[in-house]
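For reference, start.cif (mmCIF, C-alpha atoms):
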data_input
#
loop_
_atom_site.label_atom_id
_atom_site.label_comp_id
_atom_site.auth_asym_id
_atom_site.auth_seq_id
_atom_site.Cartn_x
_atom_site.Cartn_y
_atom_site.Cartn_z
CA THR A 1 204.66 11.69 119.95
CA ILE A 2 205.81 14.10 117.26
CA PRO A 3 209.35 15.50 117.66
CA CYS A 4 209.20 19.26 118.10
CA PHE A 5 212.18 20.63 116.23
CA THR A 6 211.71 18.72 113.00
CA GLU A 7 209.95 19.39 109.72
CA GLU A 8 207.18 17.03 110.76
CA GLY A 9 206.80 18.81 114.10
CA TYR A 10 206.72 22.22 112.40
CA LYS A 11 204.00 21.09 109.98
CA TRP A 12 201.92 19.69 112.84
CA ALA A 13 202.25 22.88 114.88
CA MET A 14 201.36 25.11 111.92
CA ALA A 15 198.36 22.94 111.04
CA MET A 16 197.08 23.05 114.63
CA ALA A 17 197.57 26.81 114.99
CA LYS A 18 196.15 27.66 111.56
CA SER A 19 193.08 25.46 111.88
CA ARG A 20 192.21 26.50 115.45
CA CYS A 21 193.09 30.20 115.63
CA VAL A 22 190.41 32.91 115.63
CA PHE A 23 190.65 36.38 114.07
CA THR A 24 189.58 38.99 116.63
CA ASP A 25 190.64 42.56 117.41
CA GLY A 26 192.77 42.70 114.26
CA SER A 27 194.91 39.64 114.99
CA LEU A 28 194.90 35.86 114.84
CA ARG A 29 194.64 34.42 118.35
CA LEU A 30 194.54 30.98 119.95
CA MET A 31 191.56 30.63 122.30
CA PRO A 32 191.44 27.46 124.38
CA LEU A 33 187.95 26.00 124.90
CA LEU A 34 186.34 28.35 122.38
CA ASP A 35 188.29 26.62 119.63
CA PHE A 36 186.32 23.43 120.36
CA ALA A 37 183.27 24.95 118.64
CA ASN A 38 182.65 23.45 115.22
CA HIS A 39 181.45 25.40 112.20
CA ASP A 40 177.76 25.98 111.49
CA ASP A 41 177.06 27.17 107.96
CA TYR A 42 173.73 28.84 108.64
CA GLY A 43 172.94 29.56 112.30
CA GLY A 44 176.35 30.21 113.83
CA ARG A 45 177.93 33.54 114.69
CA GLU A 46 181.60 34.41 114.66
CA ILE A 47 183.66 34.63 117.85
CA GLU A 48 184.13 38.29 118.71
CA GLY A 49 186.49 40.28 120.86
CA GLY A 50 184.97 41.67 124.04
CA LYS A 51 185.46 42.93 127.58
CA MET A 52 184.80 40.98 130.77
CA GLY A 53 185.46 41.02 134.49
CA PRO A 54 183.73 43.00 137.25
CA PHE A 55 184.44 46.33 135.57
CA PHE A 56 184.62 45.08 131.97
CA THR A 57 188.26 46.06 131.69
CA THR A 58 189.72 42.63 130.92
CA ARG A 59 190.10 41.79 127.25
CA GLY A 60 188.59 38.53 126.16
CA ALA A 61 186.41 36.86 123.55
CA VAL A 62 182.68 36.28 123.30
CA LEU A 63 180.70 33.62 121.48
CA LYS A 64 177.07 34.67 121.06
CA THR A 65 174.32 32.48 119.69
CA LYS A 66 171.16 32.93 117.64
CA GLN A 67 169.43 29.92 119.20
CA GLU A 68 168.70 28.32 122.53
CA TYR A 69 170.82 25.42 123.67
CA GLN A 70 169.82 22.59 125.98
CA ALA A 71 172.20 20.74 128.28
CA GLY A 72 174.28 18.36 126.19
CA ASP A 73 173.77 20.23 122.87
CA GLU A 74 176.82 20.96 120.76
CA VAL A 75 177.69 24.67 120.70
CA LEU A 76 178.49 25.84 117.17
CA CYS A 77 179.95 29.00 115.67
CA SER A 78 180.78 30.42 112.26
CA TYR A 79 184.35 30.37 110.99
CA GLY A 80 183.60 33.46 108.93
CA PRO A 81 182.82 34.44 105.32
CA LYS A 82 185.68 32.56 103.68
CA SER A 83 186.04 31.12 100.22
CA ALA A 84 185.92 27.40 99.58
CA ALA A 85 189.70 27.39 99.01
CA ASP A 86 190.32 29.21 102.32
CA TYR A 87 188.21 26.68 104.23
CA VAL A 88 190.17 23.80 102.73
CA LEU A 89 193.52 25.47 103.33
CA GLU A 90 192.82 26.64 106.89
CA HIS A 91 190.43 24.00 108.24
CA GLY A 92 190.69 20.96 105.98
CA PHE A 93 187.04 20.88 104.91
CA CYS A 94 184.62 22.82 102.72
CA PRO A 95 181.12 23.63 104.05
CA PRO A 96 178.24 23.33 101.54
CA LYS A 97 177.48 27.07 101.55
CA ALA A 98 181.05 28.02 100.61
CA ALA A 99 181.12 25.43 97.82
CA THR A 100 177.71 26.00 96.28
CA LYS A 101 176.43 29.48 97.16
CA THR A 102 179.34 31.85 97.68
CA ALA A 103 181.92 31.41 94.91
CA VAL A 104 185.31 33.06 95.40
CA ALA A 105 188.42 33.15 93.23
CA GLU A 106 191.67 34.98 93.94
CA LEU A 107 193.83 36.63 91.29
CA THR A 108 197.05 38.59 91.73
CA PHE A 109 197.75 41.85 89.90
CA GLU A 110 201.18 43.46 89.61
CA MET A 111 202.34 46.93 88.71
CA ASN A 112 204.49 46.87 85.59
CA SER A 113 208.06 47.62 86.64
CA GLU A 114 208.79 48.80 83.07
CA ASP A 115 206.14 51.51 83.32
CA VAL A 116 207.75 54.96 83.02
CA TYR A 117 205.54 56.07 85.92
CA TYR A 118 206.34 53.01 88.06
CA ASP A 119 208.11 54.95 90.84
CA ASP A 120 205.26 57.46 91.12
CA LYS A 121 202.67 54.69 91.32
CA LEU A 122 204.76 52.81 93.86
CA ASP A 123 204.95 55.94 96.00
CA ILE A 124 201.16 56.33 95.87
CA LEU A 125 200.58 52.72 96.88
CA GLU A 126 203.01 52.95 99.78
CA TYR A 127 201.99 56.27 101.27
CA GLU A 128 198.56 57.28 99.96
CA THR A 129 196.36 54.17 99.97
CA TYR A 130 195.48 52.78 103.39
CA GLU A 131 197.38 53.97 106.44
CA ALA A 132 196.98 50.74 108.44
CA ALA A 133 197.75 48.41 105.54
CA PRO A 134 199.34 50.09 102.50
CA MET A 135 199.02 48.28 99.20
CA ASP A 136 201.92 46.44 97.62
CA PRO A 137 202.84 46.58 93.92
CA VAL A 138 201.92 42.88 93.81
CA GLN A 139 198.42 42.62 95.23
CA PRO A 140 195.92 39.72 95.45
CA PHE A 141 192.19 40.41 95.10
CA ASP A 142 189.12 38.24 95.62
CA PHE A 143 186.39 37.84 93.01
CA VAL A 144 183.18 37.01 94.87
CA SER A 145 179.98 35.67 93.35
CA GLU A 146 176.93 35.71 95.63
CA PRO A 147 173.41 34.60 94.66
CA GLY A 148 171.54 37.59 93.26
CA GLU A 149 174.71 39.66 92.81
CA GLU A 150 175.98 40.81 89.42
CA GLY A 151 179.65 39.90 89.90
CA GLU A 152 180.97 43.46 90.29
CA PRO A 153 184.71 43.42 91.06
CA ASP A 154 186.09 44.64 94.37
CA PRO A 155 186.16 48.50 94.32
CA ALA A 156 189.76 48.37 95.62
CA LEU A 157 190.68 46.23 92.61
CA MET A 158 189.21 48.82 90.24
CA GLN A 159 191.25 51.55 91.97
CA PHE A 160 194.42 49.48 91.74
CA VAL A 161 193.96 48.62 88.06
CA ARG A 162 192.99 52.17 87.09
CA LEU A 163 196.24 53.30 88.68
CA MET A 164 198.07 50.56 86.76
CA ALA A 165 196.53 51.82 83.51
CA LEU A 166 197.17 55.51 84.19
CA ASP A 167 199.28 56.95 81.36
CA GLY A 168 199.21 59.32 78.40
CA ALA A 169 196.88 62.30 78.78
CA ASP A 170 195.78 61.07 82.22
CA SER A 171 199.30 60.99 83.67
CA PHE A 172 198.96 64.59 84.91
CA MET A 173 197.26 63.04 87.97
CA LEU A 174 200.62 61.65 89.02
CA GLU A 175 202.01 65.17 89.53
CA SER A 176 202.97 65.96 93.12
CA ILE A 177 200.14 68.49 93.47
CA PHE A 178 197.63 65.59 93.22
CA ARG A 179 199.65 63.07 95.26
CA LYS A 180 197.33 63.15 98.28
CA GLU A 181 194.20 62.86 96.15
CA VAL A 182 195.06 60.53 93.29
CA TRP A 183 194.06 57.31 95.09
CA GLY A 184 190.65 58.83 95.74
CA PHE A 185 190.42 59.84 92.07
CA MET A 186 190.92 56.17 91.15
CA SER A 187 187.70 55.22 92.95
CA MET A 188 185.75 56.60 89.98
CA PRO A 189 186.28 56.36 86.21
CA VAL A 190 189.21 58.52 85.10
CA SER A 191 188.75 58.61 81.33
CA GLN A 192 187.15 56.37 78.74
CA ALA A 193 190.54 55.13 77.54
CA ASN A 194 191.75 54.41 81.07
CA GLU A 195 188.52 52.63 82.02
CA LEU A 196 188.64 50.42 78.93
CA LYS A 197 192.29 49.57 79.57
CA ALA A 198 191.56 48.70 83.21
CA MET A 199 188.58 46.49 82.30
CA ASN A 200 190.56 44.75 79.58
CA LYS A 201 193.34 43.99 82.07
CA ILE A 202 190.92 42.36 84.50
CA THR A 203 189.11 40.34 81.83
CA GLN A 204 192.44 39.15 80.40
CA GLU A 205 193.56 37.89 83.81
CA CYS A 206 190.19 36.21 84.38
CA GLN A 207 190.37 34.52 80.98
CA LYS A 208 193.93 33.41 81.61
CA ALA A 209 192.86 31.77 84.88
CA LEU A 210 189.87 30.11 83.19
CA ASP A 211 192.12 28.73 80.46
CA GLU A 212 194.37 27.20 83.12
CA PHE A 213 191.39 25.27 84.49
CA GLU A 214 191.17 23.46 81.15
CA THR A 215 194.66 22.03 81.62
CA ARG A 216 193.96 20.40 84.99
CA PRO A 217 193.44 16.62 85.14
CA GLU A 218 189.89 15.49 84.43
CA GLU A 219 189.74 13.25 87.45
CA GLY A 220 190.66 14.34 90.95
CA PRO A 221 189.33 14.52 94.49
CA GLU A 222 185.71 15.65 94.66
CA LEU A 223 186.74 18.49 96.97
CA CYS A 224 189.13 19.86 94.34
CA ASN A 225 186.40 19.69 91.72
CA LEU A 226 184.12 21.74 93.98
CA LEU A 227 186.82 24.37 94.46
CA CYS A 228 187.55 24.65 90.75
CA GLU A 229 183.86 24.97 89.91
CA ALA A 230 183.41 27.72 92.50
CA GLU A 231 186.39 29.69 91.21
CA ARG A 232 185.29 29.25 87.60
CA LYS A 233 181.84 30.57 88.51
CA ALA A 234 183.24 33.67 90.24
CA LEU A 235 185.60 34.54 87.37
CA THR A 236 182.96 33.97 84.69
CA LYS A 237 180.45 36.20 86.49
CA ALA A 238 183.05 38.97 86.84
CA MET A 239 183.85 38.80 83.12
CA GLN A 240 180.17 38.99 82.21
CA PHE A 241 179.77 42.08 84.40
CA LEU A 242 182.80 43.80 82.86
CA ASN A 243 181.71 43.01 79.31
CA ARG A 244 178.36 44.67 80.00
CA GLU A 245 180.15 47.67 81.49
CA LYS A 246 182.32 48.03 78.37
CA GLU A 247 179.20 48.50 76.28
CA ALA A 248 178.20 51.49 78.41
CA LEU A 249 181.54 53.31 78.58
CA ASP A 250 180.11 56.31 76.74
CA LEU A 251 177.45 56.68 79.45
CA LYS A 252 179.90 56.96 82.33
CA GLN A 253 181.01 60.26 83.81
CA TYR A 254 184.77 60.75 83.85
CA TYR A 255 187.18 62.97 85.78
CA GLN A 256 187.06 65.97 83.44
CA GLU A 257 183.26 66.08 83.44
CA ARG A 258 183.14 65.74 87.21
CA ARG A 259 185.72 68.50 87.65
CA LEU A 260 183.86 70.91 85.36
CA ARG A 261 180.63 70.16 87.18
CA ASP A 262 182.25 70.90 90.54
CA LEU A 263 183.44 74.26 89.17
CA GLY A 264 180.04 75.07 87.68
CA LEU A 265 181.50 75.05 84.16
CA ASP A 266 179.58 72.09 82.75
CA SER A 267 176.85 74.09 80.97
CA ASP A 268 176.95 75.81 77.58
CA TRP A 269 177.95 79.47 77.73
CA SER A 270 175.34 82.06 76.86
CA LYS A 271 175.99 85.82 76.94
CA GLU A 272 172.35 86.57 77.66
CA GLU A 273 172.17 84.12 80.58
CA ASP A 274 175.56 85.09 81.91
CA PHE A 275 175.25 88.84 81.81
CA GLY A 276 171.51 89.47 81.42
CA GLY A 277 171.87 91.16 78.04
CA GLU A 278 174.21 94.15 77.63
CA ASP A 279 174.94 94.74 81.31
CA LEU A 280 178.11 93.27 82.76
CA GLY A 281 178.61 91.99 86.26
CA ASP A 282 176.41 89.95 88.57
CA SER A 283 173.04 90.52 86.92
CA PRO A 284 169.85 88.75 88.04
CA GLY A 285 170.15 86.41 85.06
CA SER A 286 173.72 85.41 85.80
CA THR A 287 174.52 81.71 86.04
CA ARG A 288 178.23 82.15 86.83
CA MET A 289 180.07 84.13 89.43
CA SER A 290 182.18 87.13 88.51
CA ALA A 291 185.93 86.86 88.12
CA GLY A 292 186.29 87.50 91.82
CA GLY A 293 184.48 84.21 92.60
CA ASP A 294 186.31 82.02 95.08
CA PHE A 295 186.95 79.03 92.82
CA ASP A 296 188.96 76.06 94.03
CA TRP A 297 191.04 75.52 90.90
#
Starting from the file, lay out its structure as structure tokens.
Amino acid sequence: TIPCFTEEGYKWAMAMAKSRCVFTDGSLRLMPLLDFANHDDYGGREIEGGKMGPFFTTRGAVLKTKQEYQAGDEVLCSYGPKSAADYVLEHGFCPPKAATKTAVAELTFEMNSEDVYYDDKLDILEYETYEAAPMDPVQPFDFVSEPGEEGEPDPALMQFVRLMALDGADSFMLESIFRKEVWGFMSMPVSQANELKAMNKITQECQKALDEFETRPEEGPELCNLLCEAERKALTKAMQFLNREKEALDLKQYYQERRLRDLGLDSDWSKEEDFGGEDLGDSPGSTRMSAGGDFDW
């Protein structure tokens, strides 16, 4: 028997709850009986939230299957698309698929508190990112490497780092008039200088993490070696992707070009095309609207 109100009892309780809980309907929940199902890497499905009872008004959980079971067969499920490190931390084992096929590494990025625009950026993260779960100035992100994928970073990471790198001529986006839109602006390249700075920041953090792998002991548990190899693979693939993207920075379309295109001002001006020769006004050859046009400046 383990004493309840002791450090040992707390560790036991946390281990049991963490390893057996199921994430459904936006929360972690303990589900007796269903938590007996072991993990199946390939054929299992995740436990889902559902409705039950005569009128389907009672909240519950459902475990569906992709295969037929005979009496006495073990019922299996999937514990979800987790990284190798998450499986070890939460369940104490690492399935082959997580260790060899899906490589995941986690890095943390932090807004620079010395940035002159720090308060503005903090305000954007708190109020203008995601209503249900606003971003913090210190934010972890996963780097995922799947077979056949190029290693593209999480789009939310690119938004976060572009906001981190926003300064100089691009800082006008931090004005209050853009406050509701700036997070959306960060979903696409802002300027060539900003994009390069953001990519350099990510590659520097990836390289820093890779360098730390070189300082770990050569010998260790096989499970730890699997985890390190998976993380190294994910970070390396992300760096390769970003290095290729850096070579094509001049081919990307940035905020100013997109804005001019939206306003119909992205073509070269020609008097003949605009005014159809000597006549002024909305001539048949006109490519732009008259000054009375309803532009959204």
- Item | Top pick for closest residue to Ile47 (chain A), considering A:Val22, A:Val144, A:Leu235, A:Leu28 and counting all atoms listed in the file |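 Looking only at the distances to Ile47 (chain A), the closest residue turns out to be A:Val22.
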- Task: Name every residue that the PyMOL selection byres ((chain A and resi 255) around 7) selects in this structure, writing the answer as a PyMOL selection string with chains first and numbers rising.
- Result: chain A and resi 189-191+254+256-259
Could you please take those selected residues and save C-alpha atoms as a PDB file, in the coordinates of the input?
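Result saved to selection29.pdb:
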ATOM      1  CA  PRO A 189     186.280  56.360  86.210  1.00  0.00           C
ATOM      2  CA  VAL A 190     189.210  58.520  85.100  1.00  0.00           C
ATOM      3  CA  SER A 191     188.750  58.610  81.330  1.00  0.00           C
ATOM      4  CA  TYR A 254     184.770  60.750  83.850  1.00  0.00           C
ATOM      5  CA  GLN A 256     187.060  65.970  83.440  1.00  0.00           C
ATOM      6  CA  GLU A 257     183.260  66.080  83.440  1.00  0.00           C
ATOM      7  CA  ARG A 258     183.140  65.740  87.210  1.00  0.00           C
ATOM      8  CA  ARG A 259     185.720  68.500  87.650  1.00  0.00           C
TER       9      ARG A 259
END
- Minimum-distance residue to Thr102 (chain A), chosen among A:Ile124, A:Cys206, A:Ala156, A:Ala84 (using only C-alpha atoms): A:Ala84
- Kindly resolve the PyMOL selection byres ((chain A and resi 103) around 10) on the present coordinates and return the residues as a list in words. Lys82, Ser83, Ala84, Ala85, Lys97, Ala98, Ala99, Thr100, Lys101, Thr102, Val104, Ala105, Asp142, Phe143, Val144, Ser145, Glu146, Pro147, Leu226, Leu227, Cys228, Glu229, Ala230, Glu231, Arg232, Lys233, Ala234, Leu235 and Lys237 of chain A
- Within 7 Å of region 108-116 of chain A, counting all atoms listed in the file, which residues show up once you throw out same-chain ones fewer than 3 positions away? Write them as a ChimeraX atom specification, please. /A:137-141,164
- Message: Using Å and a single decimal, report how far CA of Ser19 (chain A) sits from CA of Asp41 (chain A).
- Response: 16.6 Å
- Task: May I ask for the distance between CA of Val88 (chain A) and CA of Lys18 (chain A), given in Å to one decimal place?
- Result: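 Pair CA of Val88 (chain A) / CA of Lys18 (chain A) returns 11.3 Å.
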- Message: Please compute the CA of Glu175 (chain A)-CA of Asp154 (chain A) distance, one decimal, in Å.
- Response: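 Separation between CA of Glu175 (chain A) and CA of Asp154 (chain A): 26.4 Å.
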- Please write as a ChimeraX atom specification the full residue list that the PyMOL selection byres ((chain A and resi 196-203) around 7) yields on this file. /A:161-162,165,192-195,204-207,239,242,246
